[in-house]
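Chemist: Got a structure for you, written out below as structure tokens; questions coming shortly.
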Amino acid sequence: MNAVVELVRDSAALPDGWRSLRLCDVATLGGGATPSRAKSTYWDDATVPWATPSDITSLPTGVSTIASTESMVSERALAECSLSLNPPGTVLMTSRATIGFAAINTAPMTTNQGFITFAAGRDLDPVFLLYWLIAQRPNLVAAAGGSTFKELSRGTAKLLPILLPPLDEQRRIAEVLRSVDEALAWNVETAQHLWALRKLALAEFFVASETEEAELTVLGRLRRGWRIIAADAVCEAVIDCKNRTPPITDDGPAVVRTMNVRRGRFVRVNLARTDTQSFDEWTKRGKPQVGDVLITREAPIGEVCAVPQDEPVCLGQRMMLYRPRQSDLHSGYLLYALQSAGVQEYLLRLAGGSTVGHVRVGDIRNLPLPVPDMETQVSIAKAMTDIDRALDHSEGAVSRLQSLKSAIASDLLSGRVRMPAPVAATSGNSVPAAFKRAAFAAEVVHQLHNDSRFGSVKHEKIVHLCELHLDLHKELDRHAYKEAAGPYDPKARRSVEAIFAKQKWFKAHKPDGKRVVYTPLEKCGAHKSYFDRYFGDRQPAIQSIIDLLRPLDTERCEIIATLYAVWNDFLIDGVQPTDDAIVASVLQWHPKKATIAKSRWLAALPWMRGKGLIPTGKGEKTRAVGE
């Protein structure tokens, strides 16, 4: 565990406001299990998602949430085995063999024993924890023990040190890293689509459709007018290397080996070098030139690439070179013709049907090629080059974003670079947020104070919904807490009622000693000019929410506002929750929530969607009481 302990030793001088803690101080750690395979009742009628490490390790790059699992277990297994149902928002991290891959679940699920689960406490943002764990992967692997296979124990994980910034800064850091992940995932998906397009284009260009006139050849169905010609007949040279690789040195000219040719591209990873004398000897029979096409004749058979333009190269073992005769064969076209399904299948047959075999030099020289007229060759080469150019751009963006994410994570998670709260622009005559908040609240009260169903609770819920749904966070400057009656900001409410009294708009009091009501004072209605000045451009949207909740009783307003707040909190954490997950979280909010039937909570969500009350993850998360 020395690699992890070093983190504590290096953190003596903490950034302002940061704390050095152990994971067990800020999160509850759990694990999973595998029910007995011998008991069919644990696996029959399985409906409970059961995560295994492959569910996490197979997530696409940039995706750090898990919504479903490959395997399921039964409700009986959940009840009788050492399994816990992890609510949405739990961080799941692999702890065996492949250690330190993590994601946040967006639906309730349990796990097998290859995980440590983390339920973030009130001082820890789960998305921040996720990115902290991902960044710590090398240290987590170093802290693991075991001889047969490596495992990070829960006991070791509990003692892992974590540098913890204030909660608001955690959320800002998490948002930055999540935005990089979103861009990364988008570019990865774009690259995948481009690879699929490339495959379809190769099939479209080199295989005749069922409706076209075609001829059946050794390469499959070709369009009428295309010819099958041996490579040697349309190439100035077909050069093979010696059956060995030149001496490898630390520097000098490049040696192209089979590992440097993949999917139509020249790959520089593990590119070998040789000395100048060996290079001159190896290229006596022909030096690769720009426009030449290289092909592998041993596993993997039939990989091709164009000769790189930026440096001289020579051929390693089992590599060959085609130099097309430009009057007969366009070099760009040849690059893609060699990748077509017909040619690739022919090469596989030459190797005896084995991808680990090799193809003889003579067979490479006489390889049959599909050859259309030159105009068609040029058109195909241009279209495929355009796809490859877009693919290179997308894959380059993925590589750059991965490097950027690593650098940003290192700076932000260590505190070397801080994420301060955004500072609002101010001026000498700026209007305090408290006054804007009071003018807004006064409009709600002015419209509804005569309604016997209206009181401070319904008032608070309407204001909270407007704030979240209409993105009024900066103007209203509220900080809602998880109170018994739903999202509630007691400090903001006291401020509003004090301004009501000072401006002589309304008096807040309890005539019956229970419900707070609002009685108009002598300047009732004077708030209107301020409301119009600050919120007039959004008045129609505000009015629609007031009108929507006007006929509802207080409890129904509480249900809707609470569901909206919980749903929005999930989205802020990057989790797209199910209805069951939203309601489960609501029922954990406060004991009083359980006094409302679960069916009522579930029934309200479709109603909200039908009315367009769908959150977007904007604003601040609802705070726990005392936070």
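Naming works like this for the structure tokens: A, B, ... for the chains as they're shown, residue 1 at the start of each chain, ligands 1 onward in shown order.
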Check the DSSP output for the backbone and give back, as a ChimeraX atom specification, the residues of range 20-207 of chain A in alpha helix (DSSP H).

Modeler: /A:23-26,53-57,75-80,126-135,137-143,154-158,167-206

Chemist: Just the residues within 9 Å of Leu167 in chain A, please, counting only C-alpha atoms, with nothing from its chain fewer than 3 positions along; format it as a list of chain:residue names.

Modeler: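 Everything that qualifies: A:Arg122, A:Asp123, A:Leu124, A:Asp125, A:Leu164, A:Gln170, A:Arg171, A:Arg172.
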
Chemist: For the selection you just gave me, I'd like the residues written to a file as an mmCIF file, in the first residue's frame, keeping all heavy atoms.

Modeler:
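Result file is selection.cif:
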data_model
loop_
_atom_site.group_PDB
_atom_site.id
_atom_site.type_symbol
_atom_site.label_atom_id
_atom_site.label_comp_id
_atom_site.auth_asym_id
_atom_site.auth_seq_id
_atom_site.Cartn_x
_atom_site.Cartn_y
_atom_site.Cartn_z
ATOM 1 N N ARG A 122 -22.573 12.726 2.850
ATOM 2 C CA ARG A 122 -23.050 14.084 2.624
ATOM 3 C C ARG A 122 -21.931 15.041 2.214
ATOM 4 O O ARG A 122 -22.190 16.074 1.591
ATOM 5 C CB ARG A 122 -23.727 14.616 3.892
ATOM 6 C CG ARG A 122 -22.822 14.645 5.107
ATOM 7 C CD ARG A 122 -23.574 15.015 6.364
ATOM 8 N NE ARG A 122 -24.078 16.373 6.293
ATOM 9 C CZ ARG A 122 -24.866 16.912 7.210
ATOM 10 N NH1 ARG A 122 -25.277 16.175 8.234
ATOM 11 N NH2 ARG A 122 -25.255 18.156 7.113
ATOM 12 N N ASP A 123 -20.663 14.714 2.541
ATOM 13 C CA ASP A 123 -19.550 15.602 2.216
ATOM 14 C C ASP A 123 -18.853 15.227 0.920
ATOM 15 O O ASP A 123 -17.811 15.809 0.593
ATOM 16 C CB ASP A 123 -18.513 15.580 3.351
ATOM 17 C CG ASP A 123 -19.054 16.179 4.632
ATOM 18 O OD1 ASP A 123 -19.872 17.110 4.540
ATOM 19 O OD2 ASP A 123 -18.669 15.713 5.723
ATOM 20 N N LEU A 124 -19.394 14.257 0.211
ATOM 21 C CA LEU A 124 -18.706 13.733 -0.972
ATOM 22 C C LEU A 124 -19.652 13.664 -2.158
ATOM 23 O O LEU A 124 -20.723 13.061 -2.069
ATOM 24 C CB LEU A 124 -18.145 12.334 -0.670
ATOM 25 C CG LEU A 124 -17.385 11.624 -1.796
ATOM 26 C CD1 LEU A 124 -16.150 12.419 -2.201
ATOM 27 C CD2 LEU A 124 -16.993 10.215 -1.355
ATOM 28 N N ASP A 125 -19.251 14.283 -3.259
ATOM 29 C CA ASP A 125 -20.035 14.197 -4.490
ATOM 30 C C ASP A 125 -19.672 12.889 -5.211
ATOM 31 O O ASP A 125 -18.485 12.618 -5.427
ATOM 32 C CB ASP A 125 -19.719 15.388 -5.399
ATOM 33 C CG ASP A 125 -20.523 15.352 -6.682
ATOM 34 O OD1 ASP A 125 -21.689 15.748 -6.663
ATOM 35 O OD2 ASP A 125 -19.969 14.901 -7.708
ATOM 36 N N LEU A 164 -9.883 16.068 -0.261
ATOM 37 C CA LEU A 164 -11.272 16.438 -0.486
ATOM 38 C C LEU A 164 -11.452 17.957 -0.455
ATOM 39 O O LEU A 164 -11.270 18.585 0.594
ATOM 40 C CB LEU A 164 -12.156 15.797 0.584
ATOM 41 C CG LEU A 164 -13.624 15.579 0.216
ATOM 42 C CD1 LEU A 164 -13.738 14.594 -0.931
ATOM 43 C CD2 LEU A 164 -14.391 15.078 1.420
ATOM 44 N N GLN A 170 -16.002 20.328 -5.399
ATOM 45 C CA GLN A 170 -16.059 18.965 -5.938
ATOM 46 C C GLN A 170 -16.983 18.904 -7.142
ATOM 47 O O GLN A 170 -16.669 18.290 -8.166
ATOM 48 C CB GLN A 170 -16.582 18.000 -4.870
ATOM 49 C CG GLN A 170 -15.665 17.737 -3.700
ATOM 50 C CD GLN A 170 -16.326 16.806 -2.695
ATOM 51 O OE1 GLN A 170 -16.950 15.809 -3.075
ATOM 52 N NE2 GLN A 170 -16.214 17.125 -1.420
ATOM 53 N N ARG A 171 -18.147 19.531 -7.000
ATOM 54 C CA ARG A 171 -19.138 19.476 -8.083
ATOM 55 C C ARG A 171 -18.662 20.224 -9.316
ATOM 56 O O ARG A 171 -18.910 19.794 -10.450
ATOM 57 C CB ARG A 171 -20.476 20.032 -7.587
ATOM 58 C CG ARG A 171 -21.159 19.113 -6.573
ATOM 59 C CD ARG A 171 -22.298 19.782 -5.849
ATOM 60 N NE ARG A 171 -22.958 18.841 -4.932
ATOM 61 C CZ ARG A 171 -23.748 19.201 -3.950
ATOM 62 N NH1 ARG A 171 -24.019 20.493 -3.720
ATOM 63 N NH2 ARG A 171 -24.310 18.291 -3.160
ATOM 64 N N ARG A 172 -17.946 21.325 -9.113
ATOM 65 C CA ARG A 172 -17.411 22.055 -10.270
ATOM 66 C C ARG A 172 -16.328 21.242 -10.966
ATOM 67 O O ARG A 172 -16.264 21.206 -12.196
ATOM 68 C CB ARG A 172 -16.886 23.420 -9.828
ATOM 69 C CG ARG A 172 -17.966 24.375 -9.355
ATOM 70 C CD ARG A 172 -17.436 25.796 -9.213
ATOM 71 N NE ARG A 172 -16.469 25.946 -8.137
ATOM 72 C CZ ARG A 172 -16.779 26.194 -6.873
ATOM 73 N NH1 ARG A 172 -18.058 26.323 -6.527
ATOM 74 N NH2 ARG A 172 -15.849 26.343 -5.960
#

Chemist: In Å, rounded to a single decimal, give me how far CA of Ala441 in chain A is from CA of Ile546 in chain A.

Modeler: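 If I compute the distance from CA of Ile546 in chain A to CA of Ala441 in chain A, I get 11.2 Å.
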
Chemist: So how many Å separate CA of Val269 in chain A and CA of Pro247 in chain A, to one decimal?

Modeler: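 These two atoms are separated by 18.3 Å.
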
Chemist: Would you mind listing what lies within 7 Å of Ala230 in chain A as number ranges by chain, with only C-alpha atoms counted and same-chain residues fewer than 4 positions away left out?

Modeler: A: 366-369

Chemist: If you count only C-alpha atoms, which residues fall within 12 Å of range 568-572 of chain A, apart from same-chain ones fewer than 3 positions away, as a PyMOL selection string?

Modeler: chain A and resi 65+87-90+104-107+125-128+171-172+174-175+178-179+464-465+467-469+471+480-482+487+561-565+575-579+581-583+585-586+613-624

Chemist: Pick the closest to Ile545 in chain A from A:His590, A:His479, A:His459, A:Lys523: which is it, counting only C-alpha atoms?

Modeler: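 Looking at the shortest contact to Ile545 in chain A, the residue is A:His459.
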
Chemist: Tell me which protein, DNA and RNA residues are within 9 Å of range 140-144 of chain A, counting only C-alpha atoms, leaving out same-chain ones fewer than 3 positions away, and put them as a short mmCIF file (atom, residue, chain, number, x, y, z; two decimals) with all heavy atoms, in the first residue's frame.

Modeler:
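Wrote result.cif, looks like this:
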data_model
loop_
_atom_site.label_atom_id
_atom_site.label_comp_id
_atom_site.auth_asym_id
_atom_site.auth_seq_id
_atom_site.Cartn_x
_atom_site.Cartn_y
_atom_site.Cartn_z
N MET A 1 0.82 -1.20 0.00
CA MET A 1 0.00 0.00 0.00
C MET A 1 0.86 1.26 0.00
O MET A 1 0.38 2.36 0.13
CB MET A 1 -0.91 0.00 1.23
CG MET A 1 -1.99 1.07 1.21
SD MET A 1 -3.15 0.82 2.56
CE MET A 1 -4.02 2.37 2.45
N ASN A 2 2.18 1.11 -0.20
CA ASN A 2 3.08 2.24 -0.11
C ASN A 2 2.75 3.33 -1.11
O ASN A 2 2.85 4.52 -0.81
CB ASN A 2 4.53 1.78 -0.34
CG ASN A 2 5.01 0.92 0.82
OD1 ASN A 2 4.45 1.00 1.90
ND2 ASN A 2 6.03 0.11 0.59
N ALA A 3 2.34 2.94 -2.34
CA ALA A 3 2.05 3.94 -3.36
C ALA A 3 0.93 4.86 -2.95
O ALA A 3 0.90 6.03 -3.29
CB ALA A 3 1.71 3.25 -4.69
N VAL A 4 -0.04 4.32 -2.20
CA VAL A 4 -1.16 5.13 -1.76
C VAL A 4 -0.78 5.97 -0.55
O VAL A 4 -1.16 7.13 -0.44
CB VAL A 4 -2.37 4.24 -1.45
CG1 VAL A 4 -3.55 5.06 -1.02
CG2 VAL A 4 -2.74 3.42 -2.68
N SER A 95 -12.50 -4.62 -8.40
CA SER A 95 -11.47 -4.79 -7.37
C SER A 95 -10.65 -6.06 -7.53
O SER A 95 -9.77 -6.33 -6.72
CB SER A 95 -12.12 -4.79 -5.98
OG SER A 95 -13.08 -5.84 -5.86
N ARG A 96 -10.94 -6.86 -8.56
CA ARG A 96 -10.19 -8.09 -8.78
C ARG A 96 -9.59 -8.11 -10.17
O ARG A 96 -10.24 -7.71 -11.14
CB ARG A 96 -11.10 -9.31 -8.63
CG ARG A 96 -11.49 -9.63 -7.20
CD ARG A 96 -12.21 -10.96 -7.15
NE ARG A 96 -12.48 -11.38 -5.78
CZ ARG A 96 -12.99 -12.55 -5.45
NH1 ARG A 96 -13.27 -13.43 -6.40
NH2 ARG A 96 -13.20 -12.86 -4.20
N ALA A 97 -8.38 -8.61 -10.29
CA ALA A 97 -7.70 -8.81 -11.57
C ALA A 97 -7.61 -7.48 -12.33
O ALA A 97 -6.57 -6.83 -12.33
CB ALA A 97 -8.39 -9.89 -12.40
N THR A 98 -8.69 -7.09 -12.98
CA THR A 98 -8.73 -5.79 -13.63
C THR A 98 -9.25 -4.80 -12.60
O THR A 98 -10.45 -4.70 -12.38
CB THR A 98 -9.66 -5.82 -14.87
OG1 THR A 98 -9.25 -6.87 -15.73
CG2 THR A 98 -9.59 -4.51 -15.62
N ILE A 99 -8.35 -4.06 -12.00
CA ILE A 99 -8.68 -3.23 -10.84
C ILE A 99 -8.82 -1.77 -11.24
O ILE A 99 -8.06 -1.26 -12.07
CB ILE A 99 -7.59 -3.38 -9.75
CG1 ILE A 99 -7.54 -4.82 -9.24
CG2 ILE A 99 -7.81 -2.41 -8.59
CD1 ILE A 99 -6.33 -5.12 -8.38
N GLY A 100 -9.79 -1.09 -10.62
CA GLY A 100 -9.87 0.35 -10.74
C GLY A 100 -10.69 0.88 -11.88
O GLY A 100 -10.67 2.08 -12.16
N LEU A 133 -11.33 8.05 -8.27
CA LEU A 133 -10.96 6.63 -8.34
C LEU A 133 -10.31 6.29 -9.67
O LEU A 133 -9.31 5.56 -9.72
CB LEU A 133 -12.20 5.76 -8.12
CG LEU A 133 -12.77 5.72 -6.69
CD1 LEU A 133 -14.12 5.04 -6.68
CD2 LEU A 133 -11.81 5.03 -5.73
N GLN A 136 -6.84 7.44 -9.74
CA GLN A 136 -5.98 6.72 -8.81
C GLN A 136 -5.73 5.27 -9.23
O GLN A 136 -5.12 4.50 -8.46
CB GLN A 136 -6.62 6.72 -7.41
CG GLN A 136 -6.68 8.09 -6.76
CD GLN A 136 -5.29 8.68 -6.56
OE1 GLN A 136 -4.36 7.99 -6.18
NE2 GLN A 136 -5.16 9.96 -6.86
N ARG A 137 -6.15 4.88 -10.42
CA ARG A 137 -6.04 3.47 -10.82
C ARG A 137 -4.64 2.89 -10.62
O ARG A 137 -4.51 1.78 -10.07
CB ARG A 137 -6.51 3.30 -12.27
CG ARG A 137 -6.56 1.84 -12.71
CD ARG A 137 -7.14 1.74 -14.10
NE ARG A 137 -8.51 2.20 -14.14
CZ ARG A 137 -9.10 2.70 -15.23
NH1 ARG A 137 -8.42 2.83 -16.34
NH2 ARG A 137 -10.37 3.08 -15.19
N LYS A 150 -4.56 -10.57 -8.47
CA LYS A 150 -4.52 -9.36 -7.66
C LYS A 150 -5.93 -8.96 -7.24
O LYS A 150 -6.87 -9.05 -8.02
CB LYS A 150 -3.89 -8.22 -8.45
CG LYS A 150 -2.39 -8.38 -8.68
CD LYS A 150 -1.61 -8.19 -7.39
CE LYS A 150 -0.11 -8.20 -7.63
NZ LYS A 150 0.64 -8.04 -6.37
N GLU A 151 -6.04 -8.52 -5.98
CA GLU A 151 -7.33 -8.04 -5.49
C GLU A 151 -7.10 -6.90 -4.51
O GLU A 151 -6.23 -6.97 -3.64
CB GLU A 151 -8.12 -9.15 -4.80
CG GLU A 151 -9.47 -8.67 -4.26
CD GLU A 151 -10.32 -9.79 -3.70
OE1 GLU A 151 -9.80 -10.91 -3.53
OE2 GLU A 151 -11.51 -9.56 -3.42
N LEU A 152 -7.91 -5.84 -4.66
CA LEU A 152 -7.92 -4.74 -3.71
C LEU A 152 -9.01 -5.04 -2.69
O LEU A 152 -10.19 -5.07 -3.03
CB LEU A 152 -8.20 -3.41 -4.42
CG LEU A 152 -8.25 -2.17 -3.52
CD1 LEU A 152 -6.87 -1.87 -2.94
CD2 LEU A 152 -8.77 -0.97 -4.30
N SER A 153 -8.62 -5.29 -1.45
CA SER A 153 -9.59 -5.65 -0.44
C SER A 153 -10.38 -4.43 0.02
O SER A 153 -9.91 -3.29 -0.08
CB SER A 153 -8.90 -6.29 0.76
OG SER A 153 -8.16 -5.31 1.48
N THR A 156 -8.50 -2.55 2.74
CA THR A 156 -7.48 -1.63 2.23
C THR A 156 -8.13 -0.39 1.63
O THR A 156 -7.67 0.73 1.85
CB THR A 156 -6.62 -2.34 1.17
OG1 THR A 156 -5.96 -3.45 1.76
CG2 THR A 156 -5.59 -1.39 0.58
N ALA A 157 -9.21 -0.60 0.89
CA ALA A 157 -9.87 0.52 0.23
C ALA A 157 -10.42 1.52 1.25
O ALA A 157 -10.41 2.74 1.01
CB ALA A 157 -10.99 0.01 -0.66
N LEU A 160 -7.91 4.15 2.14
CA LEU A 160 -7.31 4.95 1.08
C LEU A 160 -7.46 6.43 1.41
O LEU A 160 -8.54 6.90 1.76
CB LEU A 160 -7.98 4.66 -0.26
CG LEU A 160 -7.74 3.29 -0.87
CD1 LEU A 160 -8.58 3.11 -2.12
CD2 LEU A 160 -6.27 3.08 -1.18
#

Chemist: Which distance in Å separates CA of Gln113 in chain A and CA of Thr61 in chain A, to one decimal?

Modeler: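 Value for the CA of Gln113 in chain A-CA of Thr61 in chain A distance: 24.1 Å.
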
Chemist: From the list A:Arg360, A:Arg265, A:Lys405, A:Arg609, which residue is nearest Val304 in chain A when using only C-alpha atoms?

Modeler: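 That would be A:Arg265, the residue with the smallest distance to Val304 in chain A.
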
Chemist: Leaving out Gly17 in chain A and any residue of its chain fewer than 6 positions from it, which residues lie within 10 Å of it when counting only C-alpha atoms, given as a list in words?

Modeler: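 The filter keeps Leu164, Pro165, Pro166 and Glu169 of chain A.
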
Chemist: Measuring atom to atom with only C-alpha atoms, identify which of A:Glu460, A:Asp512, A:Asp547, A:Asp477 is nearest to Arg493 in chain A.

Modeler: A:Glu460

Chemist: From the options A:Tyr488, A:Phe266, A:Trp589, A:Phe531, which residue's atoms come nearest to Val313 in chain A, counting only C-alpha atoms?

Modeler: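 Among the listed residues, A:Phe266 lies closest to Val313 in chain A.
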
Chemist: Taking into account only C-alpha atoms, which residue in the set A:Asp280, A:Asp168, A:Asp373, A:Asp537 is nearest to Leu470 in chain A?

Modeler: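 Going through A:Asp280, A:Asp168, A:Asp373, A:Asp537 one by one, the smallest distance to Leu470 in chain A is for A:Asp537.
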